[in-house]
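Asker: data-v1.csv (CSV, C-alpha atoms) pasted underneath:
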```csv
chain,number,residue,atom,x,y,z
A,1,ALA,CA,10.0,15.5,16.3
A,2,GLN,CA,9.2,11.9,16.3
A,3,SER,CA,10.3,9.6,13.5
A,4,VAL,CA,8.7,6.3,12.9
A,5,SER,CA,10.4,3.8,10.7
A,6,GLN,CA,8.8,0.9,8.9
A,7,HIS,CA,11.7,-0.9,7.2
A,8,ASN,CA,9.6,-3.2,5.0
A,9,HIS,CA,8.0,-1.2,2.2
A,10,HIS,CA,6.5,-4.2,0.4
A,11,VAL,CA,6.1,-7.7,1.7
A,12,ILE,CA,4.9,-10.6,-0.4
A,13,LEU,CA,3.8,-13.8,1.2
A,14,SER,CA,1.9,-16.9,0.4
A,15,GLU,CA,-1.2,-17.8,2.4
A,16,ALA,CA,-0.5,-19.5,5.7
A,17,ALA,CA,3.0,-17.9,5.9
A,18,SER,CA,3.9,-16.1,9.1
A,19,LEU,CA,4.1,-12.3,9.1
A,20,GLU,CA,6.3,-9.8,11.0
A,21,LEU,CA,6.3,-6.2,10.1
A,22,GLY,CA,8.9,-4.0,11.8
A,23,CYS,CA,8.2,-0.6,13.4
A,24,ASN,CA,10.8,1.5,15.2
A,25,TYR,CA,10.4,5.0,16.7
A,26,SER,CA,12.7,7.6,18.0
A,27,TYR,CA,11.0,9.2,21.1
A,28,GLY,CA,12.7,8.3,24.3
A,29,GLY,CA,9.8,9.1,26.7
A,30,THR,CA,6.4,7.4,27.3
A,31,VAL,CA,4.7,6.5,24.1
A,32,ASN,CA,1.3,5.2,22.9
A,33,LEU,CA,1.6,2.9,19.9
A,34,PHE,CA,-0.8,1.9,17.2
A,35,TRP,CA,-1.0,-0.3,14.1
A,36,TYR,CA,-3.5,0.6,11.5
A,37,VAL,CA,-4.6,-1.2,8.3
A,38,GLN,CA,-5.9,0.3,5.1
A,39,TYR,CA,-7.7,-2.0,2.7
A,40,PRO,CA,-7.9,-0.8,-0.9
A,41,GLY,CA,-10.3,2.0,-1.2
A,42,GLN,CA,-11.1,2.1,2.5
A,43,HIS,CA,-10.3,4.2,5.5
A,44,LEU,CA,-7.6,3.4,8.1
A,45,GLN,CA,-8.8,0.9,10.7
A,46,LEU,CA,-7.2,0.3,14.0
A,47,LEU,CA,-5.7,-3.2,14.4
A,48,LEU,CA,-4.4,-2.8,17.9
A,49,LYS,CA,-2.9,-0.3,20.3
A,50,TYR,CA,-0.6,-0.2,23.3
A,51,PHE,CA,-0.8,2.3,26.1
A,52,SER,CA,0.6,0.5,29.1
A,53,GLY,CA,0.7,-2.9,30.8
A,54,ASP,CA,1.4,-6.2,29.0
A,55,PRO,CA,3.8,-5.4,26.2
A,56,LEU,CA,2.3,-8.2,24.1
A,57,VAL,CA,-0.9,-6.8,22.6
A,58,LYS,CA,-3.5,-8.8,20.8
A,59,GLY,CA,-5.7,-7.1,18.2
A,60,ILE,CA,-8.3,-7.9,15.7
A,61,LYS,CA,-8.1,-10.5,12.9
A,62,GLY,CA,-5.4,-12.6,14.7
A,63,PHE,CA,-2.8,-9.8,14.7
A,64,GLU,CA,-0.6,-9.1,17.7
A,65,ALA,CA,2.3,-6.8,18.4
A,66,GLU,CA,5.1,-6.7,21.0
A,67,PHE,CA,6.4,-3.5,22.5
A,68,ILE,CA,10.1,-3.7,23.3
A,69,LYS,CA,11.0,-0.5,25.0
A,70,SER,CA,14.8,-1.2,25.0
A,71,LYS,CA,14.6,-1.5,21.2
A,72,PHE,CA,12.1,1.3,20.6
A,73,SER,CA,10.1,-1.2,18.6
A,74,PHE,CA,6.5,-2.3,18.1
A,75,ASN,CA,6.5,-5.1,15.6
A,76,LEU,CA,3.3,-6.5,14.2
A,77,ARG,CA,2.9,-10.2,13.8
A,78,LYS,CA,0.4,-12.8,12.5
A,79,PRO,CA,1.2,-16.5,12.6
A,80,SER,CA,-0.7,-17.4,9.4
A,81,VAL,CA,-1.8,-14.8,6.9
A,82,GLN,CA,-4.7,-15.0,4.6
A,83,TRP,CA,-5.4,-13.5,1.2
A,84,SER,CA,-7.8,-11.1,2.8
A,85,ASP,CA,-4.9,-9.6,4.7
A,86,THR,CA,-3.6,-7.9,1.6
A,87,ALA,CA,-3.5,-4.2,2.5
A,88,GLU,CA,-1.3,-1.4,3.6
A,89,TYR,CA,-0.2,-1.4,7.2
A,90,PHE,CA,0.8,1.7,9.1
A,91,CYS,CA,2.6,2.0,12.5
A,92,ALA,CA,1.9,5.2,14.4
A,93,VAL,CA,3.2,6.7,17.6
A,94,ARG,CA,1.9,9.3,20.0
A,95,GLU,CA,4.0,10.9,22.7
A,96,GLY,CA,2.4,9.9,26.0
A,97,SER,CA,2.6,13.3,27.4
A,98,SER,CA,1.1,15.0,24.3
A,99,THR,CA,-1.9,17.1,25.0
A,100,LEU,CA,-2.6,17.7,21.3
A,101,GLY,CA,-2.6,14.0,20.7
A,102,ARG,CA,-1.0,14.1,17.3
A,103,LEU,CA,0.1,10.8,15.7
A,104,TYR,CA,3.4,10.3,13.9
A,105,PHE,CA,3.0,7.7,11.1
A,106,GLY,CA,5.5,5.4,9.5
A,107,ARG,CA,5.5,5.3,5.7
A,108,GLY,CA,3.5,2.1,5.6
A,109,THR,CA,4.1,-1.4,4.4
A,110,GLN,CA,2.2,-2.9,1.6
A,111,LEU,CA,1.4,-6.6,2.2
A,112,THR,CA,0.4,-8.8,-0.7
A,113,VAL,CA,-0.7,-12.3,0.1
A,114,TRP,CA,-0.9,-14.8,-2.7
A,115,PRO,CA,-3.6,-17.5,-2.5
B,1,GLY,CA,-18.3,1.9,16.5
B,2,ALA,CA,-17.3,5.5,15.8
B,3,VAL,CA,-17.6,6.6,12.2
B,4,VAL,CA,-16.1,9.5,10.4
B,5,SER,CA,-17.6,10.5,7.1
B,6,GLN,CA,-15.4,12.4,4.7
B,7,HIS,CA,-16.8,14.1,1.5
B,8,PRO,CA,-16.2,14.2,-1.3
B,9,SER,CA,-14.2,11.0,-1.9
B,10,TRP,CA,-12.7,12.4,-5.0
B,11,VAL,CA,-12.8,15.8,-6.7
B,12,ILE,CA,-11.3,17.3,-9.8
B,13,CYS,CA,-11.0,21.1,-10.0
B,14,LYS,CA,-9.4,23.7,-12.2
B,15,SER,CA,-6.3,25.5,-11.2
B,16,GLY,CA,-7.1,28.6,-9.3
B,17,THR,CA,-10.3,27.5,-7.9
B,18,SER,CA,-11.1,26.5,-4.3
B,19,VAL,CA,-12.2,23.1,-3.0
B,20,LYS,CA,-13.9,22.3,0.3
B,21,ILE,CA,-13.6,18.9,2.0
B,22,GLU,CA,-15.9,18.0,4.8
B,23,CYS,CA,-15.2,15.7,7.7
B,24,ARG,CA,-18.1,14.7,10.0
B,25,SER,CA,-18.1,12.5,13.1
B,26,LEU,CA,-21.4,10.7,12.8
B,27,ASP,CA,-22.1,9.2,16.2
B,28,PHE,CA,-19.7,10.9,18.5
B,29,GLN,CA,-18.4,14.3,19.4
B,30,ALA,CA,-14.9,15.1,18.3
B,31,THR,CA,-13.3,18.0,20.1
B,32,THR,CA,-10.1,17.5,18.1
B,33,MET,CA,-9.8,16.7,14.4
B,34,PHE,CA,-6.6,16.2,12.4
B,35,TRP,CA,-6.0,16.7,8.7
B,36,TYR,CA,-3.4,14.7,6.9
B,37,ARG,CA,-2.0,14.6,3.4
B,38,GLN,CA,-0.7,11.4,1.9
B,39,PHE,CA,1.6,11.2,-1.1
B,40,PRO,CA,1.8,7.9,-3.1
B,41,LYS,CA,4.0,5.3,-1.3
B,42,GLN,CA,4.6,7.7,1.6
B,43,SER,CA,3.4,8.3,5.1
B,44,LEU,CA,0.5,10.4,6.3
B,45,MET,CA,1.8,13.8,6.9
B,46,LEU,CA,-0.1,15.9,9.5
B,47,MET,CA,-1.1,19.2,8.1
B,48,ALA,CA,-3.0,20.7,11.0
B,49,THR,CA,-4.9,20.0,14.2
B,50,SER,CA,-8.2,21.6,14.7
B,51,ASN,CA,-10.1,22.1,18.0
B,52,GLU,CA,-13.7,23.0,18.1
B,53,GLY,CA,-14.2,26.7,18.4
B,54,SER,CA,-10.6,27.7,18.1
B,55,LYS,CA,-8.0,28.3,15.5
B,56,ALA,CA,-6.3,25.3,13.9
B,57,THR,CA,-2.7,24.5,14.8
B,58,TYR,CA,-0.7,24.1,11.6
B,59,GLU,CA,2.4,22.1,11.1
B,60,GLN,CA,5.6,23.7,10.0
B,61,GLY,CA,5.6,24.3,6.3
B,62,VAL,CA,1.9,24.2,5.8
B,63,GLU,CA,0.4,27.5,4.5
B,64,LYS,CA,-2.5,28.4,6.7
B,65,ASP,CA,-3.9,30.9,4.2
B,66,LYS,CA,-3.9,28.2,1.5
B,67,PHE,CA,-5.4,25.4,3.6
B,68,LEU,CA,-8.2,26.9,5.6
B,69,ILE,CA,-9.5,24.8,8.4
B,70,ASN,CA,-12.8,25.4,10.2
B,71,HIS,CA,-14.0,23.4,13.1
B,72,ALA,CA,-17.2,25.2,13.9
B,73,SER,CA,-19.0,22.3,15.7
B,74,LEU,CA,-18.2,19.2,17.6
B,75,THR,CA,-19.1,17.0,14.6
B,76,LEU,CA,-17.8,18.9,11.6
B,77,SER,CA,-14.5,20.1,10.4
B,78,THR,CA,-13.8,21.4,6.9
B,79,LEU,CA,-10.6,21.9,4.9
B,80,THR,CA,-10.7,24.4,2.1
B,81,VAL,CA,-7.9,24.3,-0.4
B,82,THR,CA,-7.8,27.8,-1.8
B,83,SER,CA,-6.5,28.8,-5.2
B,84,ALA,CA,-5.6,25.2,-5.9
B,85,HIS,CA,-2.6,24.3,-8.1
B,86,PRO,CA,-1.6,21.0,-9.6
B,87,GLU,CA,1.0,20.5,-6.9
B,88,ASP,CA,-1.9,20.4,-4.4
B,89,SER,CA,-3.1,17.2,-6.0
B,90,SER,CA,-3.0,14.6,-3.3
B,91,PHE,CA,-4.9,12.4,-1.0
B,92,TYR,CA,-6.3,14.2,2.0
B,93,ILE,CA,-7.5,12.3,5.1
B,94,CYS,CA,-9.2,13.6,8.2
B,95,SER,CA,-9.2,11.9,11.6
B,96,ALA,CA,-11.3,12.6,14.7
B,97,ARG,CA,-10.1,12.0,18.2
B,98,GLU,CA,-12.6,10.1,20.3
B,99,ALA,CA,-13.8,11.3,23.7
B,100,GLY,CA,-11.5,10.3,26.4
B,101,GLY,CA,-8.5,10.7,24.1
B,102,GLY,CA,-7.9,7.1,23.5
B,103,GLY,CA,-8.3,6.3,19.9
B,104,TYR,CA,-8.8,7.9,16.5
B,105,THR,CA,-11.3,7.3,13.7
B,106,PHE,CA,-10.3,8.1,10.2
B,107,GLY,CA,-12.3,9.3,7.2
B,108,SER,CA,-12.0,7.4,4.0
B,109,GLY,CA,-10.0,10.2,2.4
B,110,THR,CA,-10.5,12.6,-0.5
B,111,ARG,CA,-8.5,12.3,-3.8
B,112,LEU,CA,-8.0,15.9,-5.1
B,113,THR,CA,-6.8,16.4,-8.6
B,114,VAL,CA,-6.1,19.9,-9.8
B,115,VAL,CA,-5.9,20.3,-13.6
```
Can you turn what I pasted into structure tokens?

Answerer:
Amino acid sequence: AQSVSQHNHHVILSEAASLELGCNYSYGGTVNLFWYVQYPGQHLQLLLKYFSGDPLVKGIKGFEAEFIKSKFSFNLRKPSVQWSDTAEYFCAVREGSSTLGRLYFGRGTQLTVWP
Amino acid sequence: GAVVSQHPSWVICKSGTSVKIECRSLDFQATTMFWYRQFPKQSLMLMATSNEGSKATYEQGVEKDKFLINHASLTLSTLTVTSAHPEDSSFYICSAREAGGGGYTFGSGTRLTVV
């Protein structure tokens, strides 16, 4: 089975600081990659996804992620965070050949941004 | 965009009773829905995958007789926790796979507390 690792469990930043959240996965074949955000009391929302093509993916709210196949990584970045980015962030992976389409999630990273 | 409505958002029940959680896709048809369980500070753990009109596929270790899943229509899937016990207390989240298989939309989750 897939494993998805998010090494940072809790990240605390000041506003305007740069953000990078790590995500590594174990599957060696074709993968589809996702980053989701969960604001307090709300449902998971898609930030961005990678299926194929340009490995640098831009998402909503100024987030981007880079797929590095050789490192099995899909790290999330934002140049300048805002207080409103305080939330839980989840990396998820789907095997590209999967007909069931199940996602494997990392354990999440709680981001706290101080104003 | 696609919306998934999950009800109730929280429920408290007595040990030994059953609880039904509903997951509806409001503006799209979802042939596949997923049910997750999330423990505090942990990842979303897939419990089962349900396809409209067929039996759900349960993950290893998930009791199918305890967690009954019904996906009778293209817009509704239900999870019934039967004979609930305090250890079933958790946060349950449903997700619907959008037509074309690209993305997923998540419900806002149900906090179940069994007393």

Asker: Which of these residues is nearest to chain A, using only C-alpha atoms: B:Thr82, B:Gln60, B:Ser43, B:Ser73?

Answerer: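 When distances to chain A are compared using only C-alpha atoms, the smallest one comes from B:Ser43.
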
Asker: What's around segment 5-14 of chain B at 8 Å? Count all atoms listed in the file, leave out sequence neighbours fewer than 6 positions away in its own chain, and write the answer as a list in words.

Answerer: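 So, after excluding close chain neighbours, the residues are Ile21, Glu22, Cys23, Arg24, Ser25, Leu26, Ala84, His85, Ile93, Cys94, Gly107, Ser108, Gly109, Thr110, Arg111, Leu112, Thr113, Val114 and Val115 of chain B.
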
Asker: Select residues of chain A: the criterion is any atom within 7 Å of an atom of chain B, counting only C-alpha atoms; output as a list in words.

Answerer: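 My answer is Gln42, His43, Leu44, Phe105, Gly106, Arg107 and Gly108 of chain A.
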
Asker: Starting from the point (0.5, 7.8, 20.6), work out which residues of protein, DNA or RNA have an atom no more than 7 Å away when counting all atoms listed in the file; state them as a PDB file with C-alpha atoms, in the frame of the given file.

Answerer:
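Output contents, as saved in result-v4.pdb:
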```
ATOM      1  CA  VAL A  31       4.700   6.500  24.100  1.00  0.00           C
ATOM      2  CA  ASN A  32       1.300   5.200  22.900  1.00  0.00           C
ATOM      3  CA  LEU A  33       1.600   2.900  19.900  1.00  0.00           C
ATOM      4  CA  PHE A  34      -0.800   1.900  17.200  1.00  0.00           C
ATOM      5  CA  ALA A  92       1.900   5.200  14.400  1.00  0.00           C
ATOM      6  CA  VAL A  93       3.200   6.700  17.600  1.00  0.00           C
ATOM      7  CA  ARG A  94       1.900   9.300  20.000  1.00  0.00           C
ATOM      8  CA  GLU A  95       4.000  10.900  22.700  1.00  0.00           C
ATOM      9  CA  GLY A  96       2.400   9.900  26.000  1.00  0.00           C
ATOM     10  CA  GLY A 101      -2.600  14.000  20.700  1.00  0.00           C
ATOM     11  CA  LEU A 103       0.100  10.800  15.700  1.00  0.00           C
TER      12      LEU A 103
END
```

Asker: Counting all atoms listed in the file, which residues have an atom no more than 10 Å from (4.3, -13.3, 8.9) in the file's coordinates? Please list them as a list in words.

Answerer: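 Protein and nucleic acid residues near the point are Val11, Ile12, Leu13, Ser14, Glu15, Ala16, Ala17, Ser18, Leu19, Glu20, Leu21, Phe63, Leu76, Arg77, Lys78, Pro79, Ser80, Val81 and Leu111 of chain A.
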
Asker: Find the residues near segment 45-49 of chain A: any atom within 7 Å, counting all atoms listed in the file, skip ones fewer than 5 places away on the same chain, and give them as an MDAnalysis selection string.

Answerer: chainID A and resid 33:38 58:60

Asker: Any idea what the distance is between atom CA of Pro86 of chain B and atom CA of Ser15 of chain B?

Answerer: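 Pair atom CA of Pro86 of chain B / atom CA of Ser15 of chain B returns 6.7 Å.
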
Asker: Can you measure atom CA of Lys64 of chain B to atom CA of Tyr104 of chain A for me? One decimal in Å is fine.

Answerer: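 Answer for the atom CA of Lys64 of chain B to atom CA of Tyr104 of chain A separation: 20.4 Å.
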
Asker: Suppose you want the space between atom CA of Thr109 of chain A and atom CA of Cys23 of chain A; what is it in Å?

Answerer: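 Taking atom CA of Thr109 of chain A and atom CA of Cys23 of chain A, their separation equals 9.9 Å.
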
Asker: Would you mind listing what lies within 7 Å of His71 of chain B as a list in words, with only C-alpha atoms counted and same-chain residues fewer than 5 positions away left out?

Answerer: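 The residues that qualify are Ser50, Asn51, Glu52, Gly53, Leu76, Ser77 and Thr78 of chain B.
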